[in-house]
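Undergrad: For reference, this is data33.cif, and it has mmCIF, C-alpha atoms, pLDDT in the B column; chains and numbers go by the auth columns.
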data_data
loop_
_atom_site.group_PDB
_atom_site.id
_atom_site.type_symbol
_atom_site.label_atom_id
_atom_site.label_comp_id
_atom_site.label_asym_id
_atom_site.label_seq_id
_atom_site.Cartn_x
_atom_site.Cartn_y
_atom_site.Cartn_z
_atom_site.B_iso_or_equiv
_atom_site.auth_seq_id
_atom_site.auth_asym_id
ATOM 1 C CA MET A 1 -71.809 49.357 -32.031 49.00 257 A
ATOM 2 C CA GLU A 2 -69.134 47.569 -30.011 50.00 258 A
ATOM 3 C CA TYR A 3 -67.550 44.397 -31.331 49.00 259 A
ATOM 4 C CA VAL A 4 -68.367 41.422 -29.121 51.00 260 A
ATOM 5 C CA THR A 5 -66.352 38.219 -29.262 50.00 261 A
ATOM 6 C CA ALA A 6 -66.512 34.968 -27.354 48.00 262 A
ATOM 7 C CA VAL A 7 -62.745 34.581 -27.416 46.00 263 A
ATOM 8 C CA PRO A 8 -61.280 35.582 -24.035 49.00 264 A
ATOM 9 C CA HIS A 9 -58.715 38.343 -24.004 50.00 265 A
ATOM 10 C CA PRO A 10 -55.148 37.292 -23.144 51.00 266 A
ATOM 11 C CA ARG A 11 -54.257 37.780 -19.485 51.00 267 A
ATOM 12 C CA THR A 12 -51.526 40.224 -18.701 46.00 268 A
ATOM 13 C CA ASP A 13 -48.789 39.638 -16.153 44.00 269 A
ATOM 14 C CA ALA A 14 -50.487 42.022 -13.736 44.00 270 A
ATOM 15 C CA ALA A 15 -53.718 40.092 -13.947 44.00 271 A
ATOM 16 C CA GLU A 16 -51.916 36.799 -13.424 45.00 272 A
ATOM 17 C CA SER A 17 -50.174 38.143 -10.348 45.00 273 A
ATOM 18 C CA ALA A 18 -53.545 39.176 -8.932 46.00 274 A
ATOM 19 C CA ASP A 19 -54.849 35.605 -9.009 46.00 275 A
ATOM 20 C CA PRO A 20 -56.793 35.133 -5.764 45.00 276 A
ATOM 21 C CA ALA A 21 -55.711 31.510 -5.571 42.00 277 A
ATOM 22 C CA GLU A 22 -52.073 32.597 -5.257 42.00 278 A
ATOM 23 C CA PRO A 23 -51.073 33.811 -1.777 43.00 279 A
ATOM 24 C CA ALA A 24 -49.789 37.337 -1.567 46.00 280 A
ATOM 25 C CA ALA A 25 -46.121 37.976 -0.923 48.00 281 A
ATOM 26 C CA PRO A 26 -46.684 40.128 2.203 49.00 282 A
ATOM 27 C CA SER A 27 -48.642 37.270 3.788 63.00 283 A
ATOM 28 C CA ARG A 28 -45.814 34.831 3.119 69.00 284 A
ATOM 29 C CA ASN A 29 -43.281 37.302 4.464 68.00 285 A
ATOM 30 C CA GLY A 30 -45.420 37.835 7.548 70.00 286 A
ATOM 31 C CA ARG A 31 -45.656 34.129 8.303 79.00 287 A
ATOM 32 C CA ARG A 32 -41.962 33.545 7.711 85.00 288 A
ATOM 33 C CA SER A 33 -40.891 36.511 9.824 85.00 289 A
ATOM 34 C CA LEU A 34 -43.272 35.446 12.597 88.00 290 A
ATOM 35 C CA GLY A 35 -41.812 31.958 12.756 89.00 291 A
ATOM 36 C CA ALA A 36 -38.262 33.280 12.584 91.00 292 A
ATOM 37 C CA ALA A 37 -38.857 35.856 15.343 92.00 293 A
ATOM 38 C CA LEU A 38 -40.420 33.278 17.652 92.00 294 A
ATOM 39 C CA LEU A 39 -37.552 30.862 17.083 95.00 295 A
ATOM 40 C CA LEU A 40 -34.823 33.483 17.454 95.00 296 A
ATOM 41 C CA GLY A 41 -36.372 35.048 20.551 95.00 297 A
ATOM 42 C CA ALA A 42 -37.018 31.776 22.367 95.00 298 A
ATOM 43 C CA VAL A 43 -33.613 30.268 21.544 96.00 299 A
ATOM 44 C CA GLY A 44 -31.815 33.516 22.333 96.00 300 A
ATOM 45 C CA ALA A 45 -33.444 33.841 25.753 96.00 301 A
ATOM 46 C CA ALA A 46 -32.709 30.203 26.576 96.00 302 A
ATOM 47 C CA VAL A 47 -29.061 30.560 25.525 97.00 303 A
ATOM 48 C CA ALA A 48 -28.564 33.771 27.509 97.00 304 A
ATOM 49 C CA LEU A 49 -30.124 32.258 30.634 96.00 305 A
ATOM 50 C CA LEU A 50 -28.082 29.066 30.318 97.00 306 A
ATOM 51 C CA ALA A 51 -24.812 30.924 29.740 96.00 307 A
ATOM 52 C CA SER A 52 -25.437 33.164 32.770 95.00 308 A
ATOM 53 C CA ARG A 53 -25.407 30.086 35.013 94.00 309 A
ATOM 54 C CA GLN A 54 -22.038 28.850 33.769 95.00 310 A
ATOM 55 C CA GLU A 55 -18.507 29.670 34.918 93.00 311 A
ATOM 56 C CA TRP A 56 -17.229 32.880 33.348 94.00 312 A
ATOM 57 C CA CYS A 57 -13.870 33.256 35.069 90.00 313 A
ATOM 58 C CA SER A 58 -11.634 31.540 37.624 88.00 314 A
ATOM 59 C CA GLY A 59 -8.391 32.103 39.505 87.00 315 A
ATOM 60 C CA VAL A 60 -6.529 31.542 42.770 84.00 316 A
ATOM 61 C CA VAL A 61 -6.032 33.689 45.841 82.00 317 A
ATOM 62 C CA SER A 62 -3.186 33.474 48.314 78.00 318 A
ATOM 63 C CA VAL A 63 -4.333 32.605 51.834 76.00 319 A
ATOM 64 C CA ALA A 64 -2.520 31.610 55.028 73.00 320 A
ATOM 65 C CA GLY A 65 -2.544 27.919 54.130 70.00 321 A
ATOM 66 C CA GLY A 66 -1.435 28.420 50.505 75.00 322 A
ATOM 67 C CA GLU A 67 -3.553 29.086 47.439 77.00 323 A
ATOM 68 C CA LEU A 68 -7.331 28.767 47.178 80.00 324 A
ATOM 69 C CA PRO A 69 -8.992 28.298 43.767 85.00 325 A
ATOM 70 C CA LEU A 70 -12.062 30.397 43.128 87.00 326 A
ATOM 71 C CA ASP A 71 -14.509 30.764 40.259 88.00 327 A
ATOM 72 C CA ALA A 72 -17.375 33.078 39.378 89.00 328 A
ATOM 73 C CA LYS A 73 -20.505 32.322 37.385 92.00 329 A
ATOM 74 C CA GLY A 74 -22.110 34.696 34.971 91.00 330 A
ATOM 75 C CA SER A 75 -24.759 35.601 37.527 91.00 331 A
ATOM 76 C CA ASP A 76 -21.942 36.569 39.933 90.00 332 A
ATOM 77 C CA VAL A 77 -20.299 38.823 37.357 92.00 333 A
ATOM 78 C CA THR A 78 -23.456 40.523 36.073 92.00 334 A
ATOM 79 C CA GLY A 79 -27.147 39.722 36.247 93.00 335 A
ATOM 80 C CA VAL A 80 -28.048 41.996 33.351 96.00 336 A
ATOM 81 C CA PRO A 81 -27.988 39.433 30.479 96.00 337 A
ATOM 82 C CA ALA A 82 -30.272 37.014 32.326 96.00 338 A
ATOM 83 C CA ALA A 83 -32.647 39.779 33.393 96.00 339 A
ATOM 84 C CA LEU A 84 -32.860 41.227 29.891 96.00 340 A
ATOM 85 C CA ALA A 85 -33.397 37.744 28.457 96.00 341 A
ATOM 86 C CA VAL A 86 -36.490 37.412 30.661 96.00 342 A
ATOM 87 C CA VAL A 87 -37.647 40.884 29.626 96.00 343 A
ATOM 88 C CA GLY A 88 -37.121 40.026 25.969 95.00 344 A
ATOM 89 C CA LEU A 89 -39.058 36.788 26.307 93.00 345 A
ATOM 90 C CA ALA A 90 -41.953 38.640 27.940 94.00 346 A
ATOM 91 C CA ALA A 91 -41.858 41.292 25.214 93.00 347 A
ATOM 92 C CA LEU A 92 -41.927 38.592 22.536 92.00 348 A
ATOM 93 C CA VAL A 93 -45.170 37.246 24.000 91.00 349 A
ATOM 94 C CA ALA A 94 -46.596 40.734 24.534 91.00 350 A
ATOM 95 C CA VAL A 95 -46.136 41.581 20.842 89.00 351 A
ATOM 96 C CA PHE A 96 -49.216 39.479 20.057 84.00 352 A
ATOM 97 C CA ALA A 97 -51.329 41.130 22.748 85.00 353 A
ATOM 98 C CA VAL A 98 -51.036 44.692 21.404 86.00 354 A
ATOM 99 C CA ARG A 99 -51.627 46.426 18.095 83.00 355 A
ATOM 100 C CA ARG A 100 -50.437 49.365 16.029 84.00 356 A
ATOM 101 C CA ALA A 101 -48.282 51.792 18.043 88.00 357 A
ATOM 102 C CA GLY A 102 -48.235 49.488 21.069 88.00 358 A
ATOM 103 C CA ARG A 103 -46.819 46.678 18.955 90.00 359 A
ATOM 104 C CA ILE A 104 -44.059 48.942 17.661 91.00 360 A
ATOM 105 C CA LEU A 105 -43.120 49.976 21.205 93.00 361 A
ATOM 106 C CA VAL A 106 -43.046 46.391 22.466 93.00 362 A
ATOM 107 C CA SER A 107 -41.015 45.323 19.422 93.00 363 A
ATOM 108 C CA ALA A 108 -38.526 48.104 20.143 95.00 364 A
ATOM 109 C CA LEU A 109 -38.320 46.925 23.762 95.00 365 A
ATOM 110 C CA LEU A 110 -37.582 43.418 22.484 95.00 366 A
ATOM 111 C CA ALA A 111 -34.753 44.710 20.301 96.00 367 A
ATOM 112 C CA LEU A 112 -33.330 46.879 23.108 97.00 368 A
ATOM 113 C CA SER A 113 -33.387 43.917 25.483 96.00 369 A
ATOM 114 C CA GLY A 114 -31.251 41.936 23.066 96.00 370 A
ATOM 115 C CA ALA A 115 -28.848 44.816 22.506 97.00 371 A
ATOM 116 C CA GLY A 116 -28.492 45.377 26.247 97.00 372 A
ATOM 117 C CA ALA A 117 -27.826 41.692 26.856 97.00 373 A
ATOM 118 C CA VAL A 118 -25.079 41.710 24.213 97.00 374 A
ATOM 119 C CA ALA A 119 -23.408 44.790 25.694 97.00 375 A
ATOM 120 C CA ALA A 120 -23.570 43.517 29.272 96.00 376 A
ATOM 121 C CA ALA A 121 -22.163 40.113 28.341 96.00 377 A
ATOM 122 C CA VAL A 122 -19.273 41.559 26.356 96.00 378 A
ATOM 123 C CA LEU A 123 -18.403 44.029 29.126 94.00 379 A
ATOM 124 C CA GLY A 124 -18.477 41.243 31.698 92.00 380 A
ATOM 125 C CA ALA A 125 -16.184 38.949 29.706 92.00 381 A
ATOM 126 C CA ASP A 126 -13.026 40.517 31.197 88.00 382 A
ATOM 127 C CA ASP A 127 -14.504 41.645 34.505 86.00 383 A
ATOM 128 C CA SER A 128 -12.728 40.311 37.595 82.00 384 A
ATOM 129 C CA ALA A 129 -14.578 42.310 40.246 86.00 385 A
ATOM 130 C CA ALA A 130 -16.654 39.304 41.328 85.00 386 A
ATOM 131 C CA LEU A 131 -13.528 37.179 41.804 84.00 387 A
ATOM 132 C CA ASP A 132 -11.738 39.974 43.681 82.00 388 A
ATOM 133 C CA GLU A 133 -14.691 40.219 46.049 86.00 389 A
ATOM 134 C CA LYS A 134 -14.597 36.471 46.672 83.00 390 A
ATOM 135 C CA ALA A 135 -10.816 36.640 47.158 79.00 391 A
ATOM 136 C CA ALA A 136 -11.156 39.368 49.778 82.00 392 A
ATOM 137 C CA THR A 137 -13.765 37.330 51.633 81.00 393 A
ATOM 138 C CA ALA A 138 -11.730 34.130 51.494 77.00 394 A
ATOM 139 C CA ALA A 139 -8.473 35.779 52.581 71.00 395 A
ATOM 140 C CA GLY A 140 -10.084 37.929 55.245 74.00 396 A
ATOM 141 C CA ASN A 141 -8.336 40.928 53.751 74.00 397 A
ATOM 142 C CA THR A 142 -10.163 43.605 51.785 71.00 398 A
ATOM 143 C CA ALA A 143 -6.980 44.369 49.848 70.00 399 A
ATOM 144 C CA ALA A 144 -6.585 40.801 48.581 72.00 400 A
ATOM 145 C CA THR A 145 -7.083 40.251 44.867 75.00 401 A
ATOM 146 C CA ILE A 146 -7.330 37.251 42.601 79.00 402 A
ATOM 147 C CA ASP A 147 -4.205 35.839 40.938 78.00 403 A
ATOM 148 C CA THR A 148 -3.724 33.978 37.617 79.00 404 A
ATOM 149 C CA ILE A 149 -7.220 34.766 36.418 84.00 405 A
ATOM 150 C CA SER A 150 -8.627 32.988 33.374 88.00 406 A
ATOM 151 C CA HIS A 151 -11.829 33.559 31.424 89.00 407 A
ATOM 152 C CA THR A 152 -14.120 31.170 29.580 93.00 408 A
ATOM 153 C CA ALA A 153 -16.153 31.596 26.398 95.00 409 A
ATOM 154 C CA TRP A 154 -19.516 31.590 28.175 96.00 410 A
ATOM 155 C CA PRO A 155 -19.812 35.408 28.212 96.00 411 A
ATOM 156 C CA TYR A 156 -19.681 35.397 24.428 97.00 412 A
ATOM 157 C CA VAL A 157 -22.272 32.621 24.335 97.00 413 A
ATOM 158 C CA ALA A 158 -24.529 34.881 26.397 97.00 414 A
ATOM 159 C CA ALA A 159 -23.802 37.691 23.951 97.00 415 A
ATOM 160 C CA ALA A 160 -24.811 35.403 21.079 97.00 416 A
ATOM 161 C CA GLY A 161 -28.113 34.741 22.845 97.00 417 A
ATOM 162 C CA GLY A 162 -28.676 38.467 23.197 97.00 418 A
ATOM 163 C CA LEU A 163 -27.914 38.898 19.498 97.00 419 A
ATOM 164 C CA LEU A 164 -30.655 36.399 18.627 97.00 420 A
ATOM 165 C CA ILE A 165 -33.098 38.379 20.774 97.00 421 A
ATOM 166 C CA LEU A 166 -31.998 41.552 19.002 97.00 422 A
ATOM 167 C CA LEU A 167 -32.678 39.974 15.605 96.00 423 A
ATOM 168 C CA ALA A 168 -36.125 38.872 16.793 95.00 424 A
ATOM 169 C CA GLY A 169 -36.848 42.457 17.820 95.00 425 A
ATOM 170 C CA ILE A 170 -35.724 43.805 14.442 95.00 426 A
ATOM 171 C CA LEU A 171 -38.046 41.366 12.670 93.00 427 A
ATOM 172 C CA ALA A 172 -40.895 42.412 14.958 93.00 428 A
ATOM 173 C CA VAL A 173 -40.308 46.092 14.196 92.00 429 A
ATOM 174 C CA ILE A 174 -40.219 45.525 10.431 91.00 430 A
ATOM 175 C CA TYR A 175 -42.888 42.853 9.950 89.00 431 A
ATOM 176 C CA GLY A 176 -44.866 43.010 13.204 85.00 432 A
ATOM 177 C CA ALA A 177 -47.758 44.915 11.629 84.00 433 A
ATOM 178 C CA ALA A 178 -48.588 41.861 9.491 84.00 434 A
ATOM 179 C CA TRP A 179 -48.609 39.434 12.425 85.00 435 A
ATOM 180 C CA PRO A 180 -51.879 38.223 13.956 80.00 436 A
ATOM 181 C CA SER A 181 -53.101 39.500 17.299 73.00 437 A
ATOM 182 C CA MET A 182 -54.504 37.286 20.017 66.00 438 A
ATOM 183 C CA GLY A 183 -56.510 40.157 21.501 52.00 439 A
ATOM 184 C CA GLY A 184 -59.026 40.431 18.639 49.00 440 A
ATOM 185 C CA ARG A 185 -60.993 37.347 19.493 47.00 441 A
ATOM 186 C CA TYR A 186 -61.576 38.586 23.024 44.00 442 A
ATOM 187 C CA GLU A 187 -62.790 42.025 22.060 47.00 443 A
ATOM 188 C CA ARG A 188 -66.535 42.682 22.025 49.00 444 A
ATOM 189 C CA SER A 189 -68.108 44.310 19.058 48.00 445 A
ATOM 190 C CA GLY A 190 -70.443 47.250 19.385 48.00 446 A
ATOM 191 C CA ALA A 191 -73.440 45.268 18.120 51.00 447 A
ATOM 192 C CA PRO A 192 -75.957 44.275 20.794 50.00 448 A
ATOM 193 C CA ARG A 193 -76.014 40.639 21.752 54.00 449 A
ATOM 194 C CA PRO A 194 -79.101 38.799 20.546 54.00 450 A
ATOM 195 C CA ARG A 195 -81.541 37.836 23.233 56.00 451 A
ATOM 196 C CA LYS A 196 -82.552 34.248 23.594 54.00 452 A
ATOM 197 C CA VAL A 197 -86.269 33.897 22.997 50.00 453 A
ATOM 198 C CA LYS A 198 -87.942 31.228 25.036 57.00 454 A
ATOM 199 C CA ALA A 199 -90.431 29.087 23.173 58.00 455 A
ATOM 200 C CA VAL A 200 -94.036 29.974 24.116 52.00 456 A
ATOM 201 C CA ASP A 201 -96.870 27.517 24.138 56.00 457 A
ATOM 202 C CA PRO A 202 -99.669 29.143 22.031 57.00 458 A
ATOM 203 C CA GLU A 203 -102.275 27.235 24.018 58.00 459 A
ATOM 204 C CA ARG A 204 -101.368 29.139 27.196 63.00 460 A
ATOM 205 C CA PRO A 205 -102.447 32.792 26.952 59.00 461 A
ATOM 206 C CA ASP A 206 -100.668 33.712 30.192 66.00 462 A
ATOM 207 C CA GLU A 207 -97.294 32.869 28.637 67.00 463 A
ATOM 208 C CA LEU A 208 -98.147 34.976 25.591 59.00 464 A
ATOM 209 C CA TRP A 209 -98.757 38.031 27.770 62.00 465 A
ATOM 210 C CA LYS A 210 -95.551 37.407 29.777 69.00 466 A
ATOM 211 C CA ALA A 211 -93.545 37.215 26.554 68.00 467 A
ATOM 212 C CA LEU A 212 -95.023 40.505 25.368 64.00 468 A
ATOM 213 C CA ASP A 213 -94.148 42.125 28.715 66.00 469 A
ATOM 214 C CA ARG A 214 -90.532 40.986 28.270 69.00 470 A
ATOM 215 C CA GLY A 215 -90.407 42.539 24.825 63.00 471 A
ATOM 216 C CA GLU A 216 -90.224 39.214 23.020 67.00 472 A
ATOM 217 C CA ASP A 217 -92.059 38.074 19.962 60.00 473 A
ATOM 218 C CA PRO A 218 -94.236 35.118 21.058 56.00 474 A
ATOM 219 C CA THR A 219 -94.804 34.113 17.454 61.00 475 A
ATOM 220 C CA GLY A 220 -91.092 33.267 17.045 57.00 476 A
ATOM 221 C CA ALA A 221 -90.836 35.285 13.795 52.00 477 A
#
Here is the file; what I need is its structure written in the form of structure tokens.
TA:
Amino acid sequence: MEYVTAVPHPRTDAAESADPAEPAAPSRNGRRSLGAALLLGAVGAAVALLASRQEWCSGVVSVAGGELPLDAKGSDVTGVPAALAVVGLAALVAVFAVRRAGRILVSALLALSGAGAVAAAVLGADDSAALDEKAATAAGNTAATIDTISHTAWPYVAAAGGLLILLAGILAVIYGAAWPSMGGRYERSGAPRPRKVKAVDPERPDELWKALDRGEDPTGA
């Protein structure tokens, strides 16, 4: 015969950690990573787009009347960082529209967009091809090149924006499986939709027969 006692057994650490009132660690990590990825991706895309519209380099070219100052924006040097920032922003939104393997692929695209933006911005930091092209047009001589060229820090700002997008993609790859999906609420289940049964007046036999012909229960049971 087993010994029965009214004194509760002491709770172990494992049982205390399984308290349903305490949120699970993966859920907390999922929410934190989701917020961080959204913030990093949005800020990174905005920074990359803003930096691409700023002056990246400047210089002077010798013309018949003297020297002509010229400058080139980031979009003149390379359009890759801005384009990849838009792609990364679209991928960040698309992460919530797909699931499982599709989410991993979109997350990888997000990370690659950030990495590509970083590489393109860094490579364009010392590029003078855009200024040389403007110099040739201004001087009317295809052999003319820019003189006393100087570069700004905006290419590295664009690279920083791409780095933020890259970090958002890494978070999406690691924690994306725990993020919610906006597609679930729009999916239809396999269960048949219930039919609306119109109320039937029991004092009218014709309506009873019409309800039976429609396959409805005129009793409302």
Undergrad: Write out, as a Markdown table, each residue of range 368-396 of chain A that has an atom at most 8 Å from range 329-333 of chain A, together with the closest pair of atoms and their distance in Å to one decimal, counting only C-alpha atoms, rows going by chain and rising number.
TA:
| residue | atom | partner | partner_atom | distance |
| --- | --- | --- | --- | --- |
| A:Gly380 | CA | A:Val333 | CA | 6.4 |
| A:Asp383 | CA | A:Val333 | CA | 7.0 |
| A:Ser384 | CA | A:Val333 | CA | 7.7 |
| A:Ala385 | CA | A:Val333 | CA | 7.3 |
| A:Ala386 | CA | A:Val333 | CA | 5.4 |
Undergrad: Go through the shown structure with the PyMOL selection byres ((chain A and resi 324) around 10) and write out the matching residues as a short mmCIF file (atom, residue, chain, number, x, y, z; two decimals) with C-alpha atoms, in the frame of the given file.
TA:
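Wrote part25.cif, looks like this:
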data_model
loop_
_atom_site.label_atom_id
_atom_site.label_comp_id
_atom_site.auth_asym_id
_atom_site.auth_seq_id
_atom_site.Cartn_x
_atom_site.Cartn_y
_atom_site.Cartn_z
CA GLY A 315 -8.39 32.10 39.51
CA VAL A 316 -6.53 31.54 42.77
CA VAL A 317 -6.03 33.69 45.84
CA SER A 318 -3.19 33.47 48.31
CA VAL A 319 -4.33 32.60 51.83
CA ALA A 320 -2.52 31.61 55.03
CA GLY A 321 -2.54 27.92 54.13
CA GLY A 322 -1.44 28.42 50.50
CA GLU A 323 -3.55 29.09 47.44
CA PRO A 325 -8.99 28.30 43.77
CA LEU A 326 -12.06 30.40 43.13
CA ALA A 391 -10.82 36.64 47.16
CA ALA A 394 -11.73 34.13 51.49
CA ALA A 395 -8.47 35.78 52.58
CA ILE A 402 -7.33 37.25 42.60
CA ASP A 403 -4.20 35.84 40.94
#
Undergrad: Tell me, as a ChimeraX atom specification, which residues lie within 6 Å of range 293-306 of chain A, counting all atoms listed in the file; anything in the same chain fewer than 6 positions away does not count.
TA: /A:338,341,414,417-418,420-421,424
Undergrad: Once the PyMOL selection byres ((chain A and resi 367) around 12) has been evaluated on this model, what residues remain selected, and can you format them as a VMD selection string?
TA: chain A and resid 293 296 to 297 300 340 to 341 343 to 345 347 to 348 351 360 to 366 368 to 374 418 to 430
Undergrad: So how far away is CA of Pro411 in chain A from CA of Ala381 in chain A, in Å?
TA: 5.3 Å
Undergrad: How many Å separate CA of Ile405 in chain A from CA of Ser308 in chain A?
TA: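 Separating CA of Ile405 in chain A from CA of Ser308 in chain A is a distance of 18.6 Å.
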Undergrad: Save range 323-337 of chain A to a file: N, CA, C and O atoms, as a compact mmCIF listing (two decimals), in the first residue's frame.
TA:
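So part38.txt came out as:
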# COMPACT_ATOMS: atom_id res chain seq x y z
N GLU A 323 39.79 76.74 -64.95
CA GLU A 323 39.46 75.49 -64.26
C GLU A 323 37.98 75.47 -63.90
O GLU A 323 37.42 76.50 -63.48
N LEU A 324 37.38 74.30 -64.05
CA LEU A 324 35.95 74.13 -63.78
C LEU A 324 35.77 73.11 -62.67
O LEU A 324 36.21 71.96 -62.80
N PRO A 325 35.16 73.50 -61.54
CA PRO A 325 34.94 72.51 -60.47
C PRO A 325 33.80 71.56 -60.83
O PRO A 325 32.77 71.97 -61.37
N LEU A 326 34.01 70.32 -60.48
CA LEU A 326 33.00 69.29 -60.73
C LEU A 326 32.85 68.42 -59.49
O LEU A 326 33.77 68.31 -58.68
N ASP A 327 31.68 67.81 -59.35
CA ASP A 327 31.46 66.87 -58.25
C ASP A 327 30.58 65.74 -58.74
O ASP A 327 29.87 65.87 -59.75
N ALA A 328 30.62 64.63 -58.04
CA ALA A 328 29.83 63.46 -58.40
C ALA A 328 29.14 62.92 -57.16
O ALA A 328 29.76 62.77 -56.10
N LYS A 329 27.86 62.64 -57.29
CA LYS A 329 27.10 62.04 -56.20
C LYS A 329 27.31 60.52 -56.19
O LYS A 329 27.84 59.94 -57.13
N GLY A 330 26.82 59.93 -55.12
CA GLY A 330 26.95 58.48 -55.03
C GLY A 330 26.22 57.76 -56.15
O GLY A 330 26.70 56.74 -56.67
N SER A 331 25.07 58.29 -56.56
CA SER A 331 24.33 57.67 -57.65
C SER A 331 25.07 57.80 -58.98
O SER A 331 24.85 56.99 -59.90
N ASP A 332 25.95 58.82 -59.11
CA ASP A 332 26.77 58.95 -60.32
C ASP A 332 27.91 57.94 -60.32
O ASP A 332 28.30 57.45 -61.38
N VAL A 333 28.45 57.66 -59.14
CA VAL A 333 29.58 56.73 -59.04
C VAL A 333 29.11 55.30 -59.22
O VAL A 333 29.64 54.53 -60.02
N THR A 334 28.10 54.90 -58.46
CA THR A 334 27.54 53.55 -58.55
C THR A 334 26.12 53.57 -58.01
O THR A 334 25.86 54.16 -56.97
N GLY A 335 25.23 52.90 -58.71
CA GLY A 335 23.85 52.79 -58.25
C GLY A 335 23.56 51.52 -57.50
O GLY A 335 22.41 51.27 -57.11
N VAL A 336 24.60 50.72 -57.26
CA VAL A 336 24.40 49.41 -56.63
C VAL A 336 23.95 49.53 -55.17
O VAL A 336 23.01 48.85 -54.76
N PRO A 337 24.58 50.37 -54.33
CA PRO A 337 24.13 50.43 -52.93
C PRO A 337 22.67 50.82 -52.78
O PRO A 337 21.94 50.22 -51.98
